[in-house]
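Novice: Hey, dropping run06.cif in here, mmCIF, C-alpha atoms:
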```cif
data_query
#
loop_
_atom_site.label_atom_id
_atom_site.label_comp_id
_atom_site.auth_asym_id
_atom_site.auth_seq_id
_atom_site.Cartn_x
_atom_site.Cartn_y
_atom_site.Cartn_z
CA VAL O 23 0.00 0.00 0.00
CA VAL O 24 1.07 3.57 -0.71
CA SER O 25 -0.54 6.28 1.41
CA THR O 26 -0.07 9.88 0.27
CA VAL O 27 -0.79 12.82 2.57
CA SER O 28 -2.54 14.80 -0.15
CA VAL O 29 -5.73 14.96 -2.17
CA GLY O 30 -3.71 15.09 -5.40
CA TYR O 31 -1.81 12.04 -6.58
CA ASP O 32 -0.19 13.22 -9.81
CA HIS O 33 3.19 12.51 -8.15
CA VAL O 34 2.38 8.79 -7.90
CA ASP O 35 3.02 6.24 -10.65
CA LYS O 36 -0.44 4.69 -10.68
CA ALA O 37 0.39 2.28 -13.47
CA ALA O 38 3.29 0.82 -11.47
CA LEU O 39 1.11 0.42 -8.39
CA LYS O 40 -1.57 -1.33 -10.41
CA ALA O 41 1.00 -3.62 -12.02
CA HIS O 42 2.22 -4.67 -8.57
CA GLY O 43 -1.27 -5.05 -7.13
CA ALA O 44 -0.73 -2.26 -4.62
CA LYS O 45 -3.37 0.06 -3.20
CA LEU O 46 -3.19 3.86 -3.17
CA GLY O 47 -4.66 5.86 -0.30
CA TYR O 48 -5.14 9.63 -0.33
CA THR O 49 -6.69 12.35 1.84
CA PRO O 50 -9.72 13.99 0.21
CA ASP O 51 -12.36 16.10 1.99
CA VAL O 52 -10.28 16.93 5.06
CA LEU O 53 -8.33 19.71 3.32
CA THR O 54 -11.22 21.26 1.39
CA ASP O 55 -11.92 24.12 3.79
CA ALA O 56 -8.30 25.10 4.35
CA THR O 57 -7.51 25.14 0.62
CA ALA O 58 -10.65 27.13 -0.19
CA ASP O 59 -9.68 29.61 2.53
CA THR O 60 -6.26 30.03 0.94
CA THR O 61 -7.86 30.60 -2.46
CA VAL O 62 -9.93 33.44 -1.01
CA LEU O 63 -6.87 34.83 0.78
CA LEU O 64 -4.97 35.04 -2.50
CA ALA O 65 -7.94 36.54 -4.34
CA LEU O 66 -8.23 39.32 -1.78
CA MET O 67 -4.48 39.92 -1.68
CA ALA O 68 -4.44 40.29 -5.44
CA SER O 69 -7.52 42.48 -5.70
CA ARG O 70 -6.35 44.89 -2.99
CA LYS O 71 -2.68 44.93 -4.08
CA ALA O 72 -1.52 43.57 -0.74
CA LYS O 73 1.92 42.65 -2.08
CA THR O 74 2.68 46.28 -2.93
CA ALA O 75 1.19 47.49 0.35
CA LEU O 76 3.31 45.11 2.40
CA GLU O 77 6.44 46.15 0.51
CA ILE O 78 5.67 49.82 1.26
CA VAL O 79 5.54 49.05 4.98
CA SER O 80 8.53 46.69 5.13
CA GLY O 81 10.63 48.97 2.93
CA GLY O 82 9.73 52.19 4.68
CA LYS O 83 8.42 53.66 1.43
CA GLY O 84 5.16 55.11 2.72
CA GLU O 85 4.61 58.81 2.13
CA GLY O 86 1.24 59.29 3.80
CA PHE O 87 -2.34 58.98 2.61
CA PHE O 88 -3.32 59.82 -0.96
CA LEU O 89 -6.75 59.32 -2.51
CA SER O 90 -5.51 57.96 -5.82
CA THR O 91 -2.58 55.68 -4.92
CA GLY O 92 -2.54 52.00 -4.05
CA LEU O 93 -6.04 51.45 -5.36
CA GLY O 94 -7.28 47.93 -5.79
CA THR O 95 -10.62 46.60 -6.98
CA GLN O 96 -13.72 45.10 -5.39
CA PHE O 97 -15.64 42.00 -6.41
CA THR O 98 -19.03 43.71 -6.28
CA ASP O 99 -21.10 42.92 -9.40
CA LYS O 100 -18.23 40.97 -10.94
CA THR O 101 -18.08 37.52 -12.56
CA LEU O 102 -16.39 34.62 -10.80
CA GLY O 103 -14.90 31.78 -12.83
CA ILE O 104 -14.08 28.42 -11.22
CA VAL O 105 -11.96 25.92 -13.14
CA GLY O 106 -12.79 22.56 -11.63
CA PHE O 107 -16.06 22.32 -9.73
CA GLY O 108 -15.32 19.59 -7.22
CA ARG O 109 -15.14 19.86 -3.44
CA ILE O 110 -12.60 22.70 -3.34
CA GLY O 111 -14.13 24.58 -6.25
CA CYS O 112 -17.57 24.57 -4.61
CA ALA O 113 -16.16 25.54 -1.22
CA THR O 114 -14.32 28.42 -2.88
CA ALA O 115 -17.48 29.66 -4.60
CA LYS O 116 -19.38 29.47 -1.29
CA ARG O 117 -16.77 31.66 0.40
CA LEU O 118 -16.48 34.20 -2.39
CA MET O 119 -20.18 34.82 -3.09
CA PRO O 120 -20.65 37.14 -0.06
CA PHE O 121 -18.09 39.52 -1.57
CA GLY O 122 -20.67 40.57 -4.14
CA PHE O 123 -20.20 38.46 -7.25
CA ASN O 124 -23.37 38.51 -9.32
CA ARG O 125 -22.44 35.69 -11.69
CA VAL O 126 -20.59 32.38 -11.36
CA LEU O 127 -19.20 30.40 -14.28
CA TYR O 128 -17.50 27.04 -14.02
CA THR O 129 -15.81 24.63 -16.34
CA ALA O 130 -15.53 20.92 -15.63
CA SER O 131 -15.51 17.62 -17.49
CA ARG O 132 -19.30 17.55 -17.09
CA ALA O 133 -22.09 19.69 -15.71
CA HIS O 134 -22.77 19.47 -11.96
CA GLU O 135 -26.33 20.72 -11.64
CA GLU O 136 -26.81 19.93 -7.94
CA ARG O 137 -23.53 21.55 -6.93
CA ALA O 138 -24.16 24.56 -9.14
CA ARG O 139 -27.70 25.27 -7.98
CA PRO O 140 -26.86 27.18 -4.73
CA PHE O 141 -24.74 29.61 -6.75
CA ASN O 142 -26.87 29.66 -9.89
CA ALA O 143 -23.58 28.75 -11.56
CA GLU O 144 -23.36 28.20 -15.31
CA HIS O 145 -21.41 25.33 -16.87
CA VAL O 146 -19.54 26.91 -19.79
CA ALA O 147 -16.67 26.22 -22.13
CA PHE O 148 -13.19 27.07 -20.87
CA GLU O 149 -12.80 29.80 -23.47
CA LYS O 150 -16.05 31.50 -22.44
CA LEU O 151 -15.04 31.41 -18.78
CA LEU O 152 -11.72 33.08 -19.57
CA ALA O 153 -13.29 35.77 -21.72
CA GLU O 154 -16.00 36.76 -19.23
CA SER O 155 -14.56 36.25 -15.74
CA ASP O 156 -13.08 38.96 -13.54
CA LEU O 157 -11.60 36.43 -11.12
CA VAL O 158 -10.49 32.96 -12.23
CA CYS O 159 -9.79 30.39 -9.50
CA VAL O 160 -8.01 27.20 -10.52
CA CYS O 161 -9.29 24.28 -8.43
CA CYS O 162 -8.86 21.34 -10.80
CA PRO O 163 -6.64 18.26 -10.54
CA LEU O 164 -3.48 17.95 -12.60
CA ASN O 165 -3.77 15.45 -15.44
CA ASP O 166 -3.01 15.22 -19.15
CA GLN O 167 -5.98 17.45 -19.96
CA THR O 168 -5.15 20.22 -17.46
CA ARG O 169 -1.36 20.35 -17.70
CA ASP O 170 -0.36 23.74 -19.18
CA MET O 171 -4.03 24.60 -19.80
CA PHE O 172 -3.23 28.17 -18.76
CA ASN O 173 -0.89 29.00 -21.60
CA ALA O 174 -0.35 31.89 -24.02
CA ARG O 175 -3.59 31.11 -25.86
CA ALA O 176 -5.58 31.12 -22.62
CA PHE O 177 -4.06 34.35 -21.33
CA ALA O 178 -4.83 36.07 -24.63
CA LEU O 179 -8.54 35.40 -24.01
CA MET O 180 -8.65 36.90 -20.53
CA LYS O 181 -9.79 40.38 -19.55
CA PRO O 182 -6.93 42.78 -18.81
CA ASN O 183 -8.48 43.42 -15.38
CA CYS O 184 -8.76 39.68 -14.58
CA ILE O 185 -7.12 38.10 -11.54
CA LEU O 186 -5.85 34.51 -11.73
CA VAL O 187 -5.58 32.43 -8.54
CA ASN O 188 -4.03 28.96 -8.59
CA THR O 189 -4.26 26.70 -5.54
CA ALA O 190 -4.44 23.46 -7.55
CA ARG O 191 -1.12 22.32 -9.02
CA GLY O 192 1.69 24.43 -10.40
CA ALA O 193 1.91 22.61 -13.72
CA VAL O 194 -1.64 23.65 -14.64
CA VAL O 195 -0.13 27.05 -15.42
CA ASN O 196 2.62 27.52 -18.01
CA GLN O 197 4.86 29.86 -16.03
CA PRO O 198 6.90 31.38 -18.89
CA ASP O 199 3.64 32.17 -20.68
CA LEU O 200 2.22 33.66 -17.47
CA LEU O 201 5.24 35.90 -17.03
CA ASP O 202 4.93 37.12 -20.61
CA ALA O 203 1.20 37.75 -20.15
CA LEU O 204 1.82 39.78 -16.98
CA ASP O 205 4.52 41.82 -18.71
CA ARG O 206 2.14 42.55 -21.58
CA GLY O 207 -0.77 43.44 -19.32
CA LEU O 208 -3.01 40.62 -20.57
CA LEU O 209 -4.24 40.11 -17.00
CA ALA O 210 -4.09 42.25 -13.88
CA HIS O 211 -2.54 39.90 -11.33
CA ALA O 212 -1.63 36.27 -10.71
CA ALA O 213 -1.71 34.83 -7.21
CA LEU O 214 -0.09 31.41 -6.86
CA ASP O 215 0.08 28.98 -3.97
CA VAL O 216 1.52 26.28 -6.23
CA THR O 217 4.43 26.58 -8.64
CA VAL O 218 7.07 24.60 -10.53
CA PRO O 219 9.36 24.07 -8.69
CA GLU O 220 8.25 24.55 -5.11
CA PRO O 221 9.36 26.83 -3.71
CA LEU O 222 10.33 29.17 -6.53
CA PRO O 223 13.82 30.69 -6.14
CA HIS O 224 13.68 34.03 -4.36
CA ASP O 225 14.99 35.78 -7.48
CA HIS O 226 12.55 34.12 -9.91
CA PRO O 227 10.91 36.68 -12.23
CA LEU O 228 7.42 35.73 -10.99
CA VAL O 229 8.44 36.23 -7.36
CA LEU O 230 9.84 39.64 -8.22
CA HIS O 231 6.99 40.71 -10.48
CA PRO O 232 4.84 43.48 -8.97
CA ASN O 233 1.68 41.86 -10.32
CA CYS O 234 2.33 38.36 -9.02
CA THR O 235 1.85 37.10 -5.47
CA VAL O 236 3.49 33.78 -4.60
CA LEU O 237 2.96 31.67 -1.48
CA PRO O 238 4.95 28.50 -0.63
CA HIS O 239 2.12 25.97 -1.04
CA ILE O 240 0.29 26.64 2.23
CA GLY O 241 -3.14 25.64 0.95
CA SER O 242 -3.72 22.96 3.58
CA ALA O 243 -1.36 24.42 6.19
CA THR O 244 -3.53 24.68 9.27
CA GLU O 245 -3.03 22.66 12.43
CA GLU O 246 -6.51 21.19 12.14
CA THR O 247 -6.19 20.15 8.51
CA ARG O 248 -2.65 18.76 8.66
CA ASN O 249 -3.60 16.68 11.71
CA ALA O 250 -6.66 15.33 9.90
CA MET O 251 -4.63 14.60 6.77
CA SER O 252 -1.95 12.78 8.76
CA ASN O 253 -4.48 10.70 10.67
CA LEU O 254 -6.30 9.69 7.50
CA ALA O 255 -3.01 8.78 5.80
CA ILE O 256 -2.04 6.62 8.79
CA ASP O 257 -5.44 4.92 8.77
CA ASN O 258 -5.07 4.20 5.05
CA ALA O 259 -1.59 2.75 5.54
CA LEU O 260 -2.63 0.51 8.43
CA ALA O 261 -5.71 -0.69 6.58
CA GLY O 262 -3.53 -1.66 3.64
CA VAL O 263 -1.05 -3.49 5.84
CA PHE O 264 -3.84 -5.52 7.44
CA ASP O 265 -5.55 -6.12 4.09
CA GLN O 266 -8.63 -4.11 5.01
CA PRO O 267 -10.56 -1.56 2.90
CA LEU O 268 -8.88 1.85 2.86
CA LYS O 269 -10.89 4.78 4.21
CA ALA O 270 -9.99 6.80 1.10
CA GLN O 271 -8.68 4.83 -1.85
CA VAL O 272 -7.85 5.89 -5.39
CA ASP O 273 -9.35 3.75 -8.13
CA LEU O 274 -6.35 2.57 -10.13
#
```
Would you put the structure from the file into structure tokens?

Specialist:
Amino acid sequence: VVSTVSVGYDHVDKAALKAHGAKLGYTPDVLTDATADTTVLLALMASRKAKTALEIVSGGKGEGFFLSTGLGTQFTDKTLGIVGFGRIGCATAKRLMPFGFNRVLYTASRAHEERARPFNAEHVAFEKLLAESDLVCVCCPLNDQTRDMFNARAFALMKPNCILVNTARGAVVNQPDLLDALDRGLLAHAALDVTVPEPLPHDHPLVLHPNCTVLPHIGSATEETRNAMSNLAIDNALAGVFDQPLKAQVDL
């Protein structure tokens, strides 16, 4: 048995496990709230230009109060786009709706009518979501279909005022293309909890970019969630050792 302390398992060779008759345990559900919280944190940091504000304070650059400097944006009457409408995507939408979004779009492999109903969310094509959203939150798993899905073509479709938040997997976003898009003003800000590699070097162009906020993969980093993840991973491992059903098992 292999027991990973994560909801994602793109780092595991599933074919090799299947060939050896091994089981794969993972930790879904228990990290949903913490990851959704981090998604909202990054969205707010990006919209209110928190990176610049923090640098003003830490660098002693403040020159007093001015009406027209350091202005961010609000989410009132804006469109929210969720890429991946599973547990974390829905939890993210639930948290963001009170900030005033009047429309929710989502893209997924299929429509999720029951999940979408509380938000009156529309299942749309990826291209439509990019073209019409003011905030795009990436909440999808990493697989062959989602790897590099945010590339030069995708960024060219986005609104110049759009904010991109990625708390899924770093490889969903093509980082050289993102850097070029930020330099060209194709989107307003990118806020990343996941990157390739992790962590990014301190002198990486995205880390230094004024319109990019980078966190060191803290999506599930709360005491409550990490304890729950660890306990579930241990339960999965012990169940496998004693040839019992795993509490959370990946279908190989």

Novice: Pick out the closest residue to O:Ala44 from this set: O:Thr60, O:Ser25, O:Ser242, O:Thr114. Count all atoms listed in the file.

Specialist: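 Smallest separation from O:Ala44 among the options: O:Ser25.
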
Novice: Check the smallest atom-to-atom distance from each of O:Thr168, O:Asn196, O:Asn124, O:Thr101 to O:Asp156 using all atoms listed in the file, then report the winner.

Specialist: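 Smallest distance to O:Asp156 is found for O:Thr101.
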
Novice: Between atom CA of O:Gln271 and atom CA of O:Leu46, measure the distance and give it in Å to one decimal.

Specialist: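 Straight-line distance from atom CA of O:Gln271 to atom CA of O:Leu46 works out to 5.7 Å.
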
Novice: Nearest to O:Pro232: which of O:Gly103, O:Cys112, O:Val34, O:Ala75 is it, counting all atoms listed in the file?

Specialist: O:Ala75

Novice: Return the single residue from O:Ile240, O:Ala113, O:Leu127, O:Ala153 that is closest to O:Asp215, with distances computed using all atoms listed in the file.

Specialist: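 Looking at the shortest contact to O:Asp215, the residue is O:Ile240.
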
Novice: If you apply the PyMOL selection byres ((chain O and resi 183) around 7) to this file, what residues do you get, as a PyMOL selection string?

Specialist: chain O and resi 156+181-182+184-185+209-210

Novice: Please determine, counting all atoms listed in the file, which residue among O:Ser69, O:Asn142, O:Thr95, O:Thr244 has the shortest atom-to-atom distance to O:Ala212.

Specialist: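 That would be O:Ser69, the residue with the smallest distance to O:Ala212.
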
Novice: Which distance in Å separates atom CA of O:Tyr31 and atom CA of O:Val272, to one decimal?

Specialist: 8.7 Å

Novice: Taking the file as I've supplied it (selection: the PyMOL selection byres ((chain O and resi 169) around 10)), which residues are included? Please answer as a ChimeraX atom specification.

Specialist: /O:163-168,170-173,191-196
